[in-house]
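*Asks:* My file is my_file.txt. It has compact mmCIF, C-alpha atoms and all ligand atoms:
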```txt
# COMPACT_ATOMS: atom_id res chain seq x y z
CA MET A 1411 104.80 86.21 85.75
CA LEU A 1412 103.27 87.18 89.05
CA ASP A 1413 102.87 83.88 90.84
CA LEU A 1414 102.24 83.37 94.55
CA THR A 1415 101.29 79.69 94.43
CA GLY A 1416 102.59 77.76 97.43
CA LYS A 1417 103.00 80.95 99.46
CA ASN A 1418 101.23 81.43 102.80
CA ALA A 1419 99.94 84.98 103.29
CA LEU A 1420 98.45 86.48 106.45
CA VAL A 1421 96.36 89.60 105.80
CA THR A 1422 95.45 91.93 108.68
CA GLY A 1423 93.13 94.93 108.62
CA ILE A 1424 89.98 93.76 106.85
CA ALA A 1425 86.91 95.47 108.32
CA ASN A 1426 84.52 95.43 105.34
CA ASN A 1427 84.35 95.23 101.55
CA ARG A 1428 85.88 98.70 101.18
CA SER A 1429 89.01 97.88 103.21
CA ILE A 1430 92.29 98.26 101.34
CA ALA A 1431 93.29 94.98 103.04
CA TRP A 1432 90.32 93.30 101.32
CA GLY A 1433 91.59 94.54 97.93
CA ILE A 1434 95.02 93.15 98.78
CA ALA A 1435 93.69 89.78 100.00
CA GLN A 1436 91.71 89.33 96.78
CA GLN A 1437 94.73 90.04 94.55
CA LEU A 1438 97.01 87.74 96.58
CA HIS A 1439 94.38 85.00 96.26
CA LYS A 1440 94.07 85.63 92.52
CA ALA A 1441 97.86 85.18 92.23
CA GLY A 1442 97.53 81.77 93.90
CA ALA A 1443 98.51 82.50 97.51
CA ASN A 1444 97.18 80.45 100.40
CA ILE A 1445 95.28 83.02 102.48
CA GLY A 1446 95.07 83.63 106.22
CA ILE A 1447 92.92 86.40 107.67
CA SER A 1448 92.92 88.21 110.99
CA TYR A 1449 90.02 90.28 112.30
CA LEU A 1450 89.60 92.69 115.20
CA PRO A 1451 87.42 90.86 117.75
CA ASP A 1452 84.55 92.62 119.55
CA GLU A 1453 82.37 91.51 122.50
CA LYS A 1454 79.41 90.42 120.36
CA GLY A 1455 81.45 88.58 117.71
CA LYS A 1456 79.92 90.80 115.01
CA MET A 1457 83.26 91.51 113.32
CA GLU A 1458 84.18 87.82 113.27
CA LYS A 1459 80.92 86.96 111.49
CA LYS A 1460 81.10 89.89 109.07
CA VAL A 1461 84.72 89.30 108.04
CA ALA A 1462 84.23 85.51 107.85
CA GLU A 1463 81.32 85.94 105.40
CA LEU A 1464 83.27 88.45 103.31
CA VAL A 1465 86.44 86.34 102.96
CA GLU A 1466 84.68 83.00 102.41
CA PRO A 1467 85.37 83.06 98.64
CA LEU A 1468 89.12 83.15 99.41
CA ASN A 1469 88.90 79.86 101.38
CA PRO A 1470 91.15 81.09 104.20
CA SER A 1471 93.00 78.25 105.89
CA VAL A 1472 93.76 80.48 108.89
CA PHE A 1473 91.16 82.79 110.47
CA VAL A 1474 92.29 84.35 113.74
CA PRO A 1475 91.31 87.16 116.13
CA LEU A 1476 94.04 89.77 116.41
CA ASN A 1477 93.96 92.90 118.52
CA VAL A 1478 97.53 94.20 118.20
CA GLN A 1479 97.32 95.96 121.58
CA ASP A 1480 97.19 92.51 123.22
CA ASP A 1481 100.51 90.60 123.23
CA ALA A 1482 98.73 87.33 124.08
CA GLN A 1483 96.55 87.61 120.95
CA ILE A 1484 99.63 88.22 118.78
CA GLN A 1485 101.35 85.18 120.26
CA SER A 1486 98.24 83.03 119.83
CA ALA A 1487 97.62 84.19 116.23
CA PHE A 1488 101.14 83.25 115.15
CA ALA A 1489 101.00 79.99 117.11
CA THR A 1490 97.95 79.10 114.98
CA VAL A 1491 99.83 80.11 111.82
CA GLY A 1492 102.73 77.88 112.90
CA GLU A 1493 100.46 74.89 113.58
CA LYS A 1494 98.40 75.22 110.40
CA TRP A 1495 101.09 76.29 107.93
CA GLY A 1496 104.43 75.53 109.54
CA ARG A 1497 105.82 78.56 107.71
CA ILE A 1498 104.67 82.03 106.64
CA ASP A 1499 105.85 83.82 103.48
CA ILE A 1500 103.78 87.00 103.36
CA LEU A 1501 102.52 89.40 106.04
CA ILE A 1502 100.21 92.28 105.15
CA HIS A 1503 99.98 95.02 107.80
CA CYS A 1504 96.94 97.25 107.16
CA LEU A 1505 96.26 98.62 110.63
CA ALA A 1506 95.91 102.14 111.99
CA PHE A 1507 93.96 103.93 114.65
CA ALA A 1508 93.91 107.32 116.32
CA ASN A 1509 91.20 108.73 118.55
CA ARG A 1510 88.74 110.68 116.46
CA ASP A 1511 89.24 113.89 118.42
CA ASP A 1512 92.98 113.69 117.67
CA LEU A 1513 92.21 113.81 113.90
CA THR A 1514 90.70 117.27 114.03
CA GLY A 1515 91.60 120.62 115.57
CA GLY A 1516 94.97 121.57 116.95
CA PHE A 1517 97.88 119.13 116.87
CA VAL A 1518 99.17 120.79 120.05
CA GLU A 1519 95.98 119.60 121.79
CA THR A 1520 96.92 115.92 121.25
CA SER A 1521 96.74 114.11 124.58
CA ARG A 1522 99.61 111.98 125.87
CA SER A 1523 97.38 108.89 125.86
CA GLY A 1524 95.99 109.65 122.37
CA PHE A 1525 99.53 110.00 121.03
CA ALA A 1526 100.52 106.70 122.66
CA THR A 1527 97.42 104.91 121.32
CA ALA A 1528 98.00 106.10 117.74
CA LEU A 1529 101.66 105.02 117.77
CA ASP A 1530 100.94 101.75 119.57
CA ILE A 1531 98.29 100.54 117.11
CA SER A 1532 99.56 102.18 113.92
CA THR A 1533 103.36 101.97 114.31
CA TYR A 1534 104.55 99.62 117.05
CA SER A 1535 102.19 96.89 115.75
CA LEU A 1536 104.34 96.53 112.61
CA VAL A 1537 107.49 96.01 114.68
CA LYS A 1538 105.75 93.51 116.95
CA LEU A 1539 104.12 91.54 114.10
CA CYS A 1540 107.46 91.36 112.27
CA GLY A 1541 109.04 89.95 115.41
CA ALA A 1542 106.29 87.35 115.69
CA ALA A 1543 106.47 86.42 112.00
CA LYS A 1544 110.28 86.25 111.78
CA PRO A 1545 110.79 82.75 113.30
CA LEU A 1546 108.09 81.42 110.91
CA MET A 1547 109.60 83.06 107.79
CA THR A 1548 112.04 80.21 107.35
CA GLN A 1549 112.25 80.52 103.54
CA GLY A 1550 112.49 84.28 103.46
CA GLY A 1551 109.43 86.42 103.09
CA SER A 1552 107.77 89.67 102.19
CA ILE A 1553 106.15 92.10 104.60
CA VAL A 1554 104.03 94.98 103.28
CA THR A 1555 102.51 97.84 105.26
CA LEU A 1556 100.22 100.70 104.25
CA THR A 1557 101.17 104.32 104.76
CA TYR A 1558 100.03 107.77 103.66
CA LEU A 1559 101.54 111.03 102.39
CA GLY A 1560 100.56 112.63 105.71
CA GLY A 1561 103.61 110.87 107.18
CA VAL A 1562 106.01 112.97 105.08
CA ARG A 1563 104.04 116.18 104.35
CA VAL A 1564 101.52 118.14 106.37
CA ILE A 1565 97.94 117.13 105.52
CA PRO A 1566 95.24 119.12 107.40
CA ASN A 1567 93.84 117.18 110.39
CA TYR A 1568 95.96 114.06 109.82
CA ASN A 1569 97.91 115.29 112.85
CA VAL A 1570 99.04 112.47 115.16
CA MET A 1571 98.51 109.90 112.39
CA GLY A 1572 101.20 111.76 110.43
CA ILE A 1573 103.67 111.17 113.24
CA ALA A 1574 102.57 107.53 113.43
CA LYS A 1575 103.11 107.09 109.65
CA ALA A 1576 106.51 108.84 109.77
CA GLY A 1577 107.51 106.34 112.46
CA LEU A 1578 106.01 103.50 110.42
CA GLU A 1579 108.01 104.44 107.31
CA MET A 1580 111.25 104.65 109.30
CA SER A 1581 110.37 101.31 110.93
CA VAL A 1582 110.14 99.84 107.41
CA ARG A 1583 113.78 100.86 106.83
CA TYR A 1584 115.11 99.56 110.16
CA LEU A 1585 113.16 96.31 109.77
CA ALA A 1586 114.35 95.88 106.17
CA ALA A 1587 117.98 96.35 107.26
CA GLU A 1588 117.66 93.89 110.14
CA LEU A 1589 115.64 91.16 108.39
CA GLY A 1590 117.36 91.40 105.00
CA PRO A 1591 120.05 88.81 105.86
CA GLN A 1592 117.20 86.24 106.28
CA ASN A 1593 115.83 87.28 102.88
CA ILE A 1594 112.82 88.88 104.53
CA ARG A 1595 111.88 92.01 102.58
CA VAL A 1596 109.91 94.88 104.17
CA ASN A 1597 108.24 97.55 102.05
CA GLY A 1598 105.43 100.09 102.31
CA ILE A 1599 102.73 101.29 99.95
CA SER A 1600 101.71 104.93 100.26
CA ALA A 1601 98.17 104.94 98.90
CA GLY A 1602 96.27 108.03 97.83
CA PRO A 1603 92.99 108.78 99.63
CA ILE A 1604 90.33 106.08 99.14
CA ARG A 1605 86.81 105.92 100.59
CA THR A 1606 87.01 103.27 103.32
CA LEU A 1607 85.48 102.78 106.76
CA ALA A 1608 88.45 104.61 108.31
CA SER A 1609 88.53 107.52 105.88
CA SER A 1610 84.74 107.97 105.74
CA ALA A 1611 84.80 108.80 109.44
CA VAL A 1612 87.08 111.73 108.63
CA GLY A 1613 85.48 115.13 108.02
CA GLY A 1614 86.28 116.57 104.59
CA ILE A 1615 87.52 113.33 103.05
CA LEU A 1616 85.25 113.82 100.00
CA ASP A 1617 86.73 117.27 99.39
CA MET A 1618 90.21 115.72 99.57
CA ILE A 1619 89.21 113.04 97.06
CA HIS A 1620 87.75 115.68 94.71
CA HIS A 1621 90.99 117.67 95.02
CA VAL A 1622 93.04 114.61 94.02
CA GLU A 1623 90.68 113.94 91.10
CA ALA A 1624 91.18 117.52 89.94
CA VAL A 1625 94.97 117.79 90.18
CA ALA A 1626 96.67 114.35 90.33
CA PRO A 1627 98.56 113.52 87.10
CA LEU A 1628 96.11 110.67 86.36
CA ARG A 1629 93.13 112.95 87.27
CA ARG A 1630 91.54 110.31 89.49
CA THR A 1631 91.97 108.48 92.78
CA VAL A 1632 93.24 104.93 93.07
CA THR A 1633 91.29 101.76 93.86
CA GLN A 1634 91.75 99.05 96.44
CA THR A 1635 92.48 96.69 93.52
CA GLU A 1636 95.36 98.87 92.31
CA VAL A 1637 96.85 98.90 95.80
CA GLY A 1638 96.25 95.12 95.93
CA ASN A 1639 98.12 94.57 92.67
CA THR A 1640 101.11 96.58 93.95
CA ALA A 1641 101.07 94.55 97.16
CA ALA A 1642 101.00 91.32 95.09
CA PHE A 1643 104.04 92.59 93.16
CA LEU A 1644 105.88 93.39 96.40
CA CYS A 1645 105.08 89.89 97.69
CA SER A 1646 106.24 88.17 94.51
CA ASP A 1647 109.64 87.31 93.08
CA LEU A 1648 109.13 90.14 90.57
CA SER A 1649 110.30 92.52 93.33
CA SER A 1650 113.03 90.23 94.73
CA GLY A 1651 115.63 93.01 94.62
CA MET A 1652 113.56 95.57 96.53
CA THR A 1653 113.40 96.15 100.28
CA GLY A 1654 113.00 99.11 102.61
CA GLN A 1655 111.05 101.09 100.01
CA ILE A 1656 107.90 103.17 100.09
CA LEU A 1657 106.00 102.90 96.78
CA TYR A 1658 103.43 105.58 95.96
CA VAL A 1659 100.16 104.28 94.56
CA ASP A 1660 98.46 107.65 94.38
CA ALA A 1661 97.76 108.51 90.72
CA GLY A 1662 100.98 110.56 90.81
CA TYR A 1663 99.81 113.09 93.40
CA GLU A 1664 103.05 112.91 95.44
CA ILE A 1665 105.22 114.46 92.70
CA LEU A 1666 103.28 117.73 92.69
CA GLY A 1667 104.71 120.89 94.21
CA MET A 1668 101.83 123.04 92.98
CA ALA A 1669 98.50 122.22 91.39
O1 LIG A 1701 95.40 106.57 107.60
C1 LIG A 1701 94.28 106.91 107.31
C2 LIG A 1701 93.12 106.68 108.27
C3 LIG A 1701 93.58 106.76 109.67
C4 LIG A 1701 92.52 106.76 110.73
C5 LIG A 1701 91.19 107.14 110.55
C6 LIG A 1701 90.34 107.13 111.64
C7 LIG A 1701 88.91 107.59 111.52
C8 LIG A 1701 88.01 107.10 112.63
C9 LIG A 1701 92.93 106.40 111.99
N1 LIG A 1701 92.10 106.40 113.05
C10 LIG A 1701 90.83 106.75 112.89
N2 LIG A 1701 90.03 106.76 114.01
C11 LIG A 1701 88.69 106.96 113.95
O2 LIG A 1701 88.01 107.01 115.00
N3 LIG A 1701 94.06 107.54 106.10
C12 LIG A 1701 95.17 107.74 105.21
C13 LIG A 1701 92.75 108.06 105.70
C14 LIG A 1701 92.70 109.48 106.13
O3 LIG A 1701 92.49 109.80 107.43
C15 LIG A 1701 92.57 111.18 107.53
C16 LIG A 1701 92.84 111.72 106.27
C17 LIG A 1701 92.94 110.63 105.37
C18 LIG A 1701 93.25 110.70 103.93
C19 LIG A 1701 92.44 111.99 108.64
C20 LIG A 1701 92.57 113.37 108.49
C21 LIG A 1701 92.84 113.91 107.26
C22 LIG A 1701 92.98 113.09 106.14
```
How does the structure come out when it is put into structure tokens?
*Replies:*
Amino acid sequence: MLDLTGKNALVTGIANNRSIAWGIAQQLHKAGANIGISYLPDEKGKMEKKVAELVEPLNPSVFVPLNVQDDAQIQSAFATVGEKWGRIDILIHCLAFANRDDLTGGFVETSRSGFATALDISTYSLVKLCGAAKPLMTQGGSIVTLTYLGGVRVIPNYNVMGIAKAGLEMSVRYLAAELGPQNIRVNGISAGPIRTLASSAVGGILDMIHHVEAVAPLRRTVTQTEVGNTAAFLCSDLSSGMTGQILYVDAGYEILGMA
């Protein structure tokens, strides 16, 4: 059975109770994992307070600030993990960002700095976090990241995030190949559209959700809990033979060639 007892799991990317990372953290906790949480710090400490209150029921034994654009924060976060846990077994990467004006209008208008920002936060961060986690994954491990269909097909307005997700999915394969000999598995979940803080800021997201509800094989969207259960599977021994894969949790939408 799905059992994560005795496993130490660091979950990144929780912003509020709609975050996919929150759905994942809850399912890992339910399966018995020891939970660590990172949050994106702000000047006023509002995020720290908000995320701390939200995750309290999971009794996190690690709670660290982590802005992935800051190498010192990455080093410090994993130093804390090393001190508190001695070892990490599970890393959940649920991070993405592009400038809002790069998620609308012409892709050819994408600025050099906007392109770099999107790939730094959304793509390079996985590589960097894997590098930081590797010396602490002394008994093997499982790393799971979140991706989207816009990384393999054209989705209107996803633009530079599509390039970031394409790079992320290829990073999953290179990381899986490199870390496999240490029994560290790296996989991705390609989730269908879900209403979250990130997606709600996107114009037309409701129309996209209604489209999925109308045409996806299961005639609905997916929930954070369903993504969380797939993540728990990928972190458990039930998936011990799998690495380098992208699993679609999208109510079947990806198989369609025409609605
Ligand atoms: O990966 C994502 C969200 C990515 C995202 C969203 C935002 C909105 C607010 C990254 N950066 C930002 N920056 C902001 O300032 N998704 C899969 C959700 C999503 O985003 C879209 C989508 C879907 C679906 C953007 C355009 C079109 C569809």
*Asks:* Go ahead and fit an axis-aligned box to every listed atom of ligand LIG 1701 (chain A) plus 6 Å each side, and pass me the centre and edge lengths in Å, one decimal, as AutoDock Vina command-line options.
*Replies:*
```
--center_x 91.7 --center_y 110.2 --center_z 109.5 --size_x 19.4 --size_y 19.5 --size_z 23.1
```
*Asks:* Mind pulling up the distance from CA of Ser1609 in chain A to atom C17 of ligand LIG 1701 (chain A)?
*Replies:*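 For atom C17 of ligand LIG 1701 (chain A) relative to CA of Ser1609 in chain A, the distance reads 5.4 Å.
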*Asks:* Would you mind telling me which residue in A:Lys1454, A:Arg1595, A:Asp1413, A:Glu1493 lies nearest to Ser1650 in chain A when using only C-alpha atoms?
*Replies:* A:Arg1595
*Asks:* Which residue, A:Asp1499, A:Gly1550, A:Pro1467, A:Ala1425, has the smallest gap to Pro1451 in chain A when you use only C-alpha atoms?
*Replies:* A:Ala1425
*Asks:* Set the cut-off to 7 Å, count only C-alpha atoms and all ligand atoms, and list whatever residues fall near ligand LIG 1701 (chain A) as an mmCIF file with C-alpha atoms, in the coordinates of the input.
*Replies:*
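Written output follows (selection.cif):
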```
data_model
loop_
_atom_site.group_PDB
_atom_site.id
_atom_site.type_symbol
_atom_site.label_atom_id
_atom_site.label_comp_id
_atom_site.auth_asym_id
_atom_site.auth_seq_id
_atom_site.Cartn_x
_atom_site.Cartn_y
_atom_site.Cartn_z
ATOM 1 C CA ALA A 1506 95.910 102.140 111.990
ATOM 2 C CA PHE A 1507 93.960 103.930 114.650
ATOM 3 C CA ALA A 1508 93.910 107.320 116.320
ATOM 4 C CA ASN A 1509 91.200 108.730 118.550
ATOM 5 C CA ARG A 1510 88.740 110.680 116.460
ATOM 6 C CA LEU A 1513 92.210 113.810 113.900
ATOM 7 C CA THR A 1557 101.170 104.320 104.760
ATOM 8 C CA TYR A 1558 100.030 107.770 103.660
ATOM 9 C CA ILE A 1565 97.940 117.130 105.520
ATOM 10 C CA PRO A 1566 95.240 119.120 107.400
ATOM 11 C CA ASN A 1567 93.840 117.180 110.390
ATOM 12 C CA TYR A 1568 95.960 114.060 109.820
ATOM 13 C CA MET A 1571 98.510 109.900 112.390
ATOM 14 C CA PRO A 1603 92.990 108.780 99.630
ATOM 15 C CA ALA A 1608 88.450 104.610 108.310
ATOM 16 C CA SER A 1609 88.530 107.520 105.880
ATOM 17 C CA ALA A 1611 84.800 108.800 109.440
ATOM 18 C CA VAL A 1612 87.080 111.730 108.630
ATOM 19 C CA ILE A 1615 87.520 113.330 103.050
#
```
*Asks:* Using only C-alpha atoms, pick whichever of A:Leu1648, A:Ala1443, A:Ala1661, A:Ile1594 has the shortest atom-to-atom distance to Glu1623 in chain A.
*Replies:* A:Ala1661
*Asks:* With all atoms listed in the file as the basis for distance, which of A:Leu1666, A:Ser1532, A:Ile1430, A:Val1564 is at the shortest distance from Val1632 in chain A?
*Replies:*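 The answer is A:Ile1430, which sits nearest to Val1632 in chain A.
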*Asks:* Can you tell me how far CA of Thr1527 in chain A sits from CA of Gln1479 in chain A, in Å to one decimal?
*Replies:*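 The value is 9.0 Å.
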*Asks:* With distances taken over only C-alpha atoms, which of A:Gly1551, A:Gly1598, A:Gly1613, A:Gly1638 is nearest to Gly1515 in chain A?
*Replies:*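 For Gly1515 in chain A, the nearest of the given residues is A:Gly1613.
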*Asks:* Quick one: of A:Ser1521, A:Thr1633, A:Gln1483, A:Thr1555, who's nearest to Thr1422 in chain A, counting all atoms listed in the file?
*Replies:*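 Of A:Ser1521, A:Thr1633, A:Gln1483, A:Thr1555, the one nearest Thr1422 in chain A, counting all atoms listed in the file, is A:Thr1555.
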*Asks:* Quick one: residues within 10 Å of Asp1647 in chain A, only C-alpha atoms, excluding same-chain residues fewer than 2 positions away - as a short mmCIF file (atom, residue, chain, number, x, y, z; two decimals) with C-alpha atoms, in the coordinates of the input?
*Replies:*
```cif
data_model
loop_
_atom_site.label_atom_id
_atom_site.label_comp_id
_atom_site.auth_asym_id
_atom_site.auth_seq_id
_atom_site.Cartn_x
_atom_site.Cartn_y
_atom_site.Cartn_z
CA MET A 1411 104.80 86.21 85.75
CA LEU A 1412 103.27 87.18 89.05
CA ASP A 1413 102.87 83.88 90.84
CA LEU A 1414 102.24 83.37 94.55
CA SER A 1552 107.77 89.67 102.19
CA ALA A 1642 101.00 91.32 95.09
CA PHE A 1643 104.04 92.59 93.16
CA LEU A 1644 105.88 93.39 96.40
CA CYS A 1645 105.08 89.89 97.69
CA SER A 1649 110.30 92.52 93.33
CA SER A 1650 113.03 90.23 94.73
CA GLY A 1651 115.63 93.01 94.62
CA MET A 1652 113.56 95.57 96.53
#
```
*Asks:* Just how far from CA of Lys1544 in chain A is CA of Ser1581 in chain A, in Å to one decimal?
*Replies:*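 Distance reported for this atom pair: 15.1 Å.
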*Asks:* Which range 1602-1667 of chain A residues have any atom within 9 Å of an atom of range 1585-1593 of chain A, and for each, what is the nearest pair of atoms with distance in Å to one decimal, counting only C-alpha atoms, rows sorted by chain and number, as CSV?
*Replies:*
```
residue,atom,partner,partner_atom,distance
A:Thr1653,CA,A:Ala1586,CA,6.0
A:Gly1654,CA,A:Ala1586,CA,5.0
A:Gln1655,CA,A:Ala1586,CA,8.7
```
*Asks:* Those same residues, written as an mmCIF file, in the frame of the given file with C-alpha atoms?
*Replies:*
```
data_model
loop_
_atom_site.group_PDB
_atom_site.id
_atom_site.type_symbol
_atom_site.label_atom_id
_atom_site.label_comp_id
_atom_site.auth_asym_id
_atom_site.auth_seq_id
_atom_site.Cartn_x
_atom_site.Cartn_y
_atom_site.Cartn_z
ATOM 1 C CA THR A 1653 113.400 96.150 100.280
ATOM 2 C CA GLY A 1654 113.000 99.110 102.610
ATOM 3 C CA GLN A 1655 111.050 101.090 100.010
#
```
